[in-house]
>>> print(open('start_36.cif').read())   # mmCIF, N, CA and C atoms
data_input
#
loop_
_atom_site.label_atom_id
_atom_site.label_comp_id
_atom_site.auth_asym_id
_atom_site.auth_seq_id
_atom_site.Cartn_x
_atom_site.Cartn_y
_atom_site.Cartn_z
N MET A 1 -5.92 -12.30 2.12
CA MET A 1 -5.65 -12.09 0.71
C MET A 1 -6.59 -12.96 -0.13
N PRO A 2 -6.98 -12.45 -1.29
CA PRO A 2 -7.81 -13.25 -2.17
C PRO A 2 -7.05 -14.45 -2.68
N SER A 3 -7.78 -15.44 -3.18
CA SER A 3 -7.13 -16.65 -3.67
C SER A 3 -6.24 -16.34 -4.87
N LYS A 4 -6.68 -15.42 -5.74
CA LYS A 4 -5.86 -15.02 -6.88
C LYS A 4 -4.78 -14.07 -6.37
N SER A 5 -3.55 -14.39 -6.65
CA SER A 5 -2.44 -13.58 -6.18
C SER A 5 -2.35 -12.28 -6.96
N ILE A 6 -2.38 -11.17 -6.25
CA ILE A 6 -2.22 -9.86 -6.87
C ILE A 6 -0.77 -9.46 -6.70
N PRO A 7 -0.11 -9.02 -7.79
CA PRO A 7 1.31 -8.68 -7.69
C PRO A 7 1.55 -7.45 -6.81
N GLN A 8 2.77 -7.34 -6.31
CA GLN A 8 3.15 -6.16 -5.55
C GLN A 8 3.20 -4.96 -6.48
N PRO A 9 2.68 -3.82 -6.04
CA PRO A 9 2.72 -2.64 -6.90
C PRO A 9 4.12 -2.05 -7.01
N THR A 10 4.40 -1.47 -8.17
CA THR A 10 5.64 -0.72 -8.36
C THR A 10 5.50 0.60 -7.61
N ASP A 11 6.57 1.39 -7.56
CA ASP A 11 6.51 2.69 -6.89
C ASP A 11 5.44 3.58 -7.52
N ALA A 12 5.40 3.64 -8.84
CA ALA A 12 4.40 4.49 -9.53
C ALA A 12 2.99 3.98 -9.25
N GLU A 13 2.80 2.68 -9.26
CA GLU A 13 1.49 2.11 -8.98
C GLU A 13 1.07 2.37 -7.54
N LEU A 14 2.03 2.30 -6.63
CA LEU A 14 1.73 2.57 -5.22
C LEU A 14 1.31 4.02 -5.03
N GLU A 15 1.91 4.91 -5.78
CA GLU A 15 1.52 6.33 -5.72
C GLU A 15 0.05 6.50 -6.13
N ILE A 16 -0.35 5.81 -7.17
CA ILE A 16 -1.74 5.85 -7.63
C ILE A 16 -2.67 5.23 -6.58
N LEU A 17 -2.26 4.10 -6.03
CA LEU A 17 -3.06 3.46 -4.99
C LEU A 17 -3.25 4.38 -3.78
N CYS A 18 -2.20 5.09 -3.40
CA CYS A 18 -2.30 6.01 -2.26
C CYS A 18 -3.36 7.08 -2.52
N VAL A 19 -3.43 7.57 -3.76
CA VAL A 19 -4.46 8.54 -4.12
C VAL A 19 -5.84 7.90 -3.97
N LEU A 20 -5.99 6.68 -4.47
CA LEU A 20 -7.29 6.01 -4.40
C LEU A 20 -7.69 5.70 -2.95
N TRP A 21 -6.75 5.34 -2.11
CA TRP A 21 -7.06 5.09 -0.70
C TRP A 21 -7.48 6.38 0.00
N THR A 22 -6.83 7.48 -0.36
CA THR A 22 -7.12 8.77 0.27
C THR A 22 -8.43 9.36 -0.23
N ARG A 23 -8.60 9.37 -1.54
CA ARG A 23 -9.76 10.02 -2.16
C ARG A 23 -10.96 9.10 -2.33
N GLY A 24 -10.71 7.80 -2.33
CA GLY A 24 -11.77 6.85 -2.64
C GLY A 24 -11.87 6.67 -4.15
N PRO A 25 -12.87 5.94 -4.61
CA PRO A 25 -13.02 5.69 -6.04
C PRO A 25 -12.93 7.00 -6.84
N SER A 26 -12.13 6.98 -7.90
CA SER A 26 -11.84 8.19 -8.65
C SER A 26 -11.70 7.93 -10.13
N THR A 27 -11.85 8.99 -10.89
CA THR A 27 -11.57 8.94 -12.32
C THR A 27 -10.07 9.09 -12.54
N VAL A 28 -9.63 8.81 -13.75
CA VAL A 28 -8.22 9.04 -14.09
C VAL A 28 -7.90 10.52 -13.88
N ARG A 29 -8.80 11.40 -14.27
CA ARG A 29 -8.57 12.84 -14.11
C ARG A 29 -8.36 13.20 -12.64
N GLY A 30 -9.16 12.63 -11.76
CA GLY A 30 -9.01 12.90 -10.34
C GLY A 30 -7.66 12.44 -9.81
N VAL A 31 -7.24 11.25 -10.22
CA VAL A 31 -5.93 10.73 -9.79
C VAL A 31 -4.81 11.59 -10.38
N PHE A 32 -4.92 11.92 -11.66
CA PHE A 32 -3.93 12.78 -12.31
C PHE A 32 -3.81 14.12 -11.58
N ASP A 33 -4.94 14.75 -11.28
CA ASP A 33 -4.92 16.04 -10.58
C ASP A 33 -4.21 15.93 -9.24
N ALA A 34 -4.47 14.87 -8.49
CA ALA A 34 -3.84 14.69 -7.18
C ALA A 34 -2.34 14.48 -7.31
N ILE A 35 -1.92 13.65 -8.26
CA ILE A 35 -0.49 13.37 -8.42
C ILE A 35 0.25 14.58 -8.96
N SER A 36 -0.37 15.28 -9.92
CA SER A 36 0.33 16.39 -10.57
C SER A 36 0.50 17.61 -9.65
N MET A 37 -0.16 17.60 -8.50
CA MET A 37 0.05 18.68 -7.52
C MET A 37 1.47 18.65 -6.97
N ASN A 38 2.07 17.45 -6.90
CA ASN A 38 3.39 17.29 -6.30
C ASN A 38 4.46 16.84 -7.28
N LYS A 39 4.06 16.47 -8.49
CA LYS A 39 5.00 15.85 -9.41
C LYS A 39 4.55 16.11 -10.84
N LYS A 40 5.50 16.39 -11.69
CA LYS A 40 5.17 16.60 -13.10
C LYS A 40 4.94 15.24 -13.75
N THR A 41 3.76 15.07 -14.31
CA THR A 41 3.40 13.84 -14.99
C THR A 41 2.35 14.15 -16.05
N GLY A 42 2.16 13.24 -16.96
CA GLY A 42 1.18 13.45 -18.00
C GLY A 42 -0.09 12.67 -17.73
N TYR A 43 -1.21 13.20 -18.21
CA TYR A 43 -2.49 12.54 -18.04
C TYR A 43 -2.46 11.15 -18.67
N THR A 44 -1.90 11.05 -19.88
CA THR A 44 -1.89 9.75 -20.56
C THR A 44 -1.00 8.75 -19.84
N THR A 45 0.02 9.24 -19.15
CA THR A 45 0.87 8.35 -18.36
C THR A 45 0.08 7.73 -17.21
N VAL A 46 -0.67 8.57 -16.52
CA VAL A 46 -1.50 8.08 -15.41
C VAL A 46 -2.56 7.12 -15.96
N LEU A 47 -3.18 7.48 -17.07
CA LEU A 47 -4.18 6.61 -17.69
C LEU A 47 -3.58 5.24 -18.02
N LYS A 48 -2.43 5.22 -18.65
CA LYS A 48 -1.79 3.96 -19.03
C LYS A 48 -1.46 3.11 -17.80
N PHE A 49 -0.92 3.75 -16.77
CA PHE A 49 -0.62 3.01 -15.53
C PHE A 49 -1.89 2.39 -14.94
N MET A 50 -2.96 3.16 -14.94
CA MET A 50 -4.20 2.65 -14.34
C MET A 50 -4.80 1.52 -15.18
N GLN A 51 -4.64 1.58 -16.47
CA GLN A 51 -5.09 0.48 -17.33
C GLN A 51 -4.26 -0.78 -17.06
N ILE A 52 -2.96 -0.60 -16.93
CA ILE A 52 -2.08 -1.74 -16.61
C ILE A 52 -2.44 -2.31 -15.24
N MET A 53 -2.68 -1.43 -14.28
CA MET A 53 -3.03 -1.87 -12.93
C MET A 53 -4.34 -2.65 -12.92
N ALA A 54 -5.29 -2.24 -13.77
CA ALA A 54 -6.55 -2.98 -13.87
C ALA A 54 -6.28 -4.38 -14.41
N GLY A 55 -5.40 -4.49 -15.39
CA GLY A 55 -5.05 -5.79 -15.95
C GLY A 55 -4.36 -6.69 -14.94
N LYS A 56 -3.57 -6.10 -14.05
CA LYS A 56 -2.87 -6.86 -13.01
C LYS A 56 -3.78 -7.22 -11.84
N GLY A 57 -4.91 -6.54 -11.74
CA GLY A 57 -5.81 -6.77 -10.61
C GLY A 57 -5.57 -5.84 -9.44
N LEU A 58 -4.70 -4.85 -9.60
CA LEU A 58 -4.43 -3.91 -8.50
C LEU A 58 -5.57 -2.93 -8.28
N VAL A 59 -6.29 -2.61 -9.36
CA VAL A 59 -7.45 -1.73 -9.26
C VAL A 59 -8.61 -2.39 -10.00
N LYS A 60 -9.81 -1.96 -9.63
CA LYS A 60 -11.01 -2.40 -10.34
C LYS A 60 -11.60 -1.19 -11.03
N ARG A 61 -12.11 -1.42 -12.23
CA ARG A 61 -12.63 -0.33 -13.05
C ARG A 61 -14.13 -0.52 -13.25
N ASP A 62 -14.89 0.49 -12.89
CA ASP A 62 -16.33 0.50 -13.12
C ASP A 62 -16.55 1.16 -14.48
N GLU A 63 -17.02 0.37 -15.44
CA GLU A 63 -17.17 0.83 -16.81
C GLU A 63 -18.63 1.13 -17.18
N ARG A 64 -19.50 1.23 -16.18
CA ARG A 64 -20.92 1.43 -16.46
C ARG A 64 -21.21 2.80 -17.08
N ASN A 65 -20.40 3.79 -16.79
CA ASN A 65 -20.59 5.12 -17.35
C ASN A 65 -19.47 5.42 -18.34
N ARG A 66 -19.66 6.48 -19.09
CA ARG A 66 -18.64 6.88 -20.06
C ARG A 66 -17.30 7.15 -19.37
N THR A 67 -17.36 7.83 -18.24
CA THR A 67 -16.16 8.10 -17.45
C THR A 67 -15.96 6.94 -16.48
N HIS A 68 -14.88 6.21 -16.65
CA HIS A 68 -14.61 5.05 -15.80
C HIS A 68 -14.17 5.50 -14.41
N ILE A 69 -14.61 4.74 -13.43
CA ILE A 69 -14.23 5.00 -12.04
C ILE A 69 -13.37 3.84 -11.57
N TYR A 70 -12.22 4.17 -10.98
CA TYR A 70 -11.28 3.17 -10.49
C TYR A 70 -11.28 3.18 -8.97
N ARG A 71 -11.08 1.98 -8.43
CA ARG A 71 -10.90 1.85 -6.97
C ARG A 71 -9.84 0.78 -6.73
N ALA A 72 -9.17 0.89 -5.60
CA ALA A 72 -8.15 -0.09 -5.24
C ALA A 72 -8.80 -1.44 -5.00
N SER A 73 -8.16 -2.50 -5.47
CA SER A 73 -8.70 -3.85 -5.27
C SER A 73 -8.53 -4.32 -3.83
N LEU A 74 -7.45 -3.91 -3.21
CA LEU A 74 -7.17 -4.30 -1.83
C LEU A 74 -7.14 -3.08 -0.93
N ALA A 75 -7.49 -3.27 0.31
CA ALA A 75 -7.39 -2.20 1.30
C ALA A 75 -5.92 -1.83 1.50
N GLU A 76 -5.72 -0.63 1.95
CA GLU A 76 -4.36 -0.13 2.18
C GLU A 76 -3.58 -1.07 3.11
N GLU A 77 -4.22 -1.52 4.17
CA GLU A 77 -3.54 -2.39 5.15
C GLU A 77 -3.12 -3.71 4.52
N GLN A 78 -3.97 -4.27 3.66
CA GLN A 78 -3.62 -5.53 3.00
C GLN A 78 -2.40 -5.34 2.10
N THR A 79 -2.37 -4.24 1.39
CA THR A 79 -1.23 -3.96 0.51
C THR A 79 0.03 -3.74 1.34
N HIS A 80 -0.09 -3.01 2.43
CA HIS A 80 1.07 -2.78 3.31
C HIS A 80 1.61 -4.11 3.84
N ARG A 81 0.70 -4.99 4.25
CA ARG A 81 1.16 -6.29 4.75
C ARG A 81 1.89 -7.08 3.67
N GLY A 82 1.39 -7.04 2.45
CA GLY A 82 2.05 -7.75 1.35
C GLY A 82 3.42 -7.18 1.06
N LEU A 83 3.52 -5.84 1.04
CA LEU A 83 4.82 -5.20 0.80
C LEU A 83 5.79 -5.51 1.94
N LEU A 84 5.28 -5.47 3.16
CA LEU A 84 6.12 -5.75 4.32
C LEU A 84 6.60 -7.20 4.32
N HIS A 85 5.72 -8.11 3.97
CA HIS A 85 6.09 -9.53 3.89
C HIS A 85 7.20 -9.72 2.85
N ASP A 86 7.05 -9.06 1.71
CA ASP A 86 8.06 -9.14 0.66
C ASP A 86 9.40 -8.58 1.15
N LEU A 87 9.36 -7.42 1.80
CA LEU A 87 10.59 -6.80 2.34
C LEU A 87 11.21 -7.69 3.41
N LEU A 88 10.38 -8.21 4.28
CA LEU A 88 10.86 -9.09 5.34
C LEU A 88 11.65 -10.27 4.77
N ASN A 89 11.11 -10.90 3.76
CA ASN A 89 11.78 -12.06 3.18
C ASN A 89 12.99 -11.70 2.34
N ARG A 90 12.87 -10.65 1.52
CA ARG A 90 13.97 -10.31 0.61
C ARG A 90 15.14 -9.63 1.31
N ALA A 91 14.85 -8.71 2.22
CA ALA A 91 15.93 -7.91 2.82
C ALA A 91 16.38 -8.41 4.19
N PHE A 92 15.52 -9.11 4.90
CA PHE A 92 15.85 -9.50 6.27
C PHE A 92 15.83 -11.01 6.48
N GLY A 93 15.80 -11.78 5.40
CA GLY A 93 15.85 -13.23 5.51
C GLY A 93 14.73 -13.81 6.35
N GLY A 94 13.59 -13.11 6.41
CA GLY A 94 12.45 -13.61 7.18
C GLY A 94 12.51 -13.27 8.66
N SER A 95 13.55 -12.56 9.10
CA SER A 95 13.71 -12.24 10.51
C SER A 95 12.90 -11.00 10.90
N ARG A 96 11.84 -11.22 11.66
CA ARG A 96 11.03 -10.10 12.15
C ARG A 96 11.85 -9.22 13.09
N GLU A 97 12.70 -9.87 13.87
CA GLU A 97 13.53 -9.12 14.82
C GLU A 97 14.43 -8.13 14.09
N LYS A 98 15.12 -8.59 13.04
CA LYS A 98 15.99 -7.69 12.28
C LYS A 98 15.21 -6.55 11.64
N LEU A 99 14.05 -6.87 11.10
CA LEU A 99 13.22 -5.85 10.47
C LEU A 99 12.80 -4.80 11.49
N LEU A 100 12.28 -5.23 12.62
CA LEU A 100 11.80 -4.30 13.65
C LEU A 100 12.94 -3.45 14.20
N LEU A 101 14.05 -4.08 14.51
CA LEU A 101 15.18 -3.32 15.05
C LEU A 101 15.73 -2.33 14.03
N SER A 102 15.78 -2.73 12.78
CA SER A 102 16.24 -1.82 11.73
C SER A 102 15.29 -0.65 11.56
N ALA A 103 14.00 -0.93 11.61
CA ALA A 103 13.00 0.13 11.47
C ALA A 103 13.11 1.13 12.61
N LEU A 104 13.29 0.64 13.83
CA LEU A 104 13.39 1.54 14.98
C LEU A 104 14.70 2.31 14.99
N ASP A 105 15.74 1.73 14.43
CA ASP A 105 17.06 2.36 14.42
C ASP A 105 17.28 3.30 13.23
N ALA A 106 16.46 3.17 12.21
CA ALA A 106 16.68 3.93 10.97
C ALA A 106 16.44 5.43 11.14
N THR A 107 15.49 5.80 11.96
CA THR A 107 15.19 7.21 12.18
C THR A 107 14.90 7.44 13.65
N LYS A 108 14.84 8.71 14.02
CA LYS A 108 14.52 9.05 15.41
C LYS A 108 13.09 8.62 15.69
N THR A 109 12.90 7.90 16.76
CA THR A 109 11.59 7.40 17.14
C THR A 109 11.01 8.31 18.21
N THR A 110 9.77 8.73 18.03
CA THR A 110 9.13 9.62 18.99
C THR A 110 8.63 8.82 20.19
N PRO A 111 8.43 9.48 21.32
CA PRO A 111 7.86 8.79 22.47
C PRO A 111 6.50 8.16 22.16
N ALA A 112 5.69 8.83 21.36
CA ALA A 112 4.37 8.28 21.01
C ALA A 112 4.53 7.00 20.18
N GLU A 113 5.49 7.00 19.27
CA GLU A 113 5.73 5.80 18.46
C GLU A 113 6.23 4.66 19.33
N LEU A 114 7.13 4.96 20.25
CA LEU A 114 7.62 3.91 21.16
C LEU A 114 6.50 3.36 22.02
N ASP A 115 5.60 4.24 22.47
CA ASP A 115 4.45 3.79 23.25
C ASP A 115 3.57 2.87 22.43
N ALA A 116 3.35 3.21 21.17
CA ALA A 116 2.54 2.36 20.29
C ALA A 116 3.20 1.01 20.08
N VAL A 117 4.52 0.99 19.94
CA VAL A 117 5.26 -0.27 19.77
C VAL A 117 5.13 -1.12 21.04
N ARG A 118 5.27 -0.49 22.21
CA ARG A 118 5.13 -1.22 23.47
C ARG A 118 3.74 -1.87 23.59
N LYS A 119 2.70 -1.10 23.25
CA LYS A 119 1.33 -1.62 23.32
C LYS A 119 1.14 -2.78 22.35
N MET A 120 1.68 -2.64 21.15
CA MET A 120 1.56 -3.71 20.16
C MET A 120 2.30 -4.97 20.64
N LEU A 121 3.47 -4.79 21.22
CA LEU A 121 4.23 -5.93 21.74
C LEU A 121 3.48 -6.60 22.89
N ALA A 122 2.87 -5.81 23.75
CA ALA A 122 2.10 -6.37 24.87
C ALA A 122 0.93 -7.20 24.34
N ARG A 123 0.24 -6.72 23.29
CA ARG A 123 -0.84 -7.49 22.68
C ARG A 123 -0.31 -8.79 22.09
N GLN A 124 0.84 -8.72 21.44
CA GLN A 124 1.43 -9.91 20.84
C GLN A 124 1.81 -10.93 21.93
N VAL A 125 2.34 -10.47 23.04
CA VAL A 125 2.70 -11.36 24.14
C VAL A 125 1.47 -12.06 24.68
N LYS A 126 0.39 -11.30 24.90
CA LYS A 126 -0.88 -11.88 25.38
C LYS A 126 -1.40 -12.92 24.41
N GLN A 127 -1.38 -12.60 23.12
CA GLN A 127 -1.87 -13.51 22.09
C GLN A 127 -1.05 -14.79 22.06
N THR A 128 0.25 -14.66 22.18
CA THR A 128 1.15 -15.82 22.15
C THR A 128 0.89 -16.71 23.35
N LYS A 129 0.63 -16.13 24.52
CA LYS A 129 0.35 -16.92 25.72
C LYS A 129 -0.96 -17.68 25.60
N ARG A 130 -1.96 -17.07 24.90
CA ARG A 130 -3.24 -17.75 24.71
C ARG A 130 -3.15 -18.91 23.72
N ASP A 131 -2.27 -18.75 22.74
CA ASP A 131 -2.14 -19.80 21.69
C ASP A 131 -1.33 -20.94 22.18
#
>>> encode(input="start_36.cif", output="structure tokens")
Amino acid sequence: MPSKSIPQPTDAELEILCVLWTRGPSTVRGVFDAISMNKKTGYTTVLKFMQIMAGKGLVKRDERNRTHIYRASLAEEQTHRGLLHDLLNRAFGGSREKLLLSALDATKTTPAELDAVRKMLARQVKQTKRD
């Protein structure tokens, strides 16, 4: 994470970030078009959110051209880690075990997902033994 703390995005801000992560740097029109495919929203609403997000540091705005281009300030994985850390502390009292067990129990887990969890746990075990 950068030294300057970037706040956690709201649900609406996260929706905009998801568009930027998927599409890459985009204009407000591009983000609006992507969001409005699934949800009724106004162009000026998306514009206002993106301006607020720029002020918070969630997105960066390239103002060199008449049409501004926005990009996410942090990679998707960095944002996910921040959101997960916040959830871990607020909802699970910092317990990774409770978080993981709740996540696995919340919905049906596929064999492929369980295999991925096993592999990740094996890597964590190896790493812990080396440290």
>>> resolve_selection(input="start_36.cif", expression="the PyMOL selection byres (((chain A and resi 24-28 and name CA) around 10) and name CA)", output="PyMOL selection string")
chain A and resi 16-23+29-34+43-44+46-51+59-62+67-72
>>> atom_distance(input="start_36.cif", atom1="atom CA of Arg81 of chain A", atom2="atom C of Ile35 of chain A")
25.0 Å
>>> axis_aligned_box(input="start_36.cif", around="segment 66-79 of chain A", padding_each_side="8 Å", output="JSON")
{"center_x": -9.8, "center_y": 1.3, "center_z": -7.5, "size_x": 35.7, "size_y": 29.6, "size_z": 41.2}
>>> atom_distance(input="start_36.cif", atom1="atom CA of Ile6 of chain A", atom2="atom CA of Leu58 of chain A")
6.6 Å
>>> atom_distance(input="start_36.cif", atom1="atom CA of Glu13 of chain A", atom2="atom C of Arg66 of chain A")
22.1 Å
>>> select_by_dssp(input="start_36.cif", residues="segment 11-115 of chain A", states="helix (DSSP H, G or I)", output="MDAnalysis selection string")
chainID A and resid 11:23 28:36 43:56 76:92 96:106 111:115
>>> closest_residue(input="start_36.cif", among="A:Met37, A:Ala103, A:Val117, A:Leu83", to="Thr10 of chain A", atoms="only C-alpha atoms")
A:Leu83
>>> select_by_dssp(input="start_36.cif", residues="chain A", states="strand (DSSP E)", output="list in words")
Val59, Lys60, Arg61, Asp62, Ile69, Tyr70, Arg71 and Ala72 of chain A
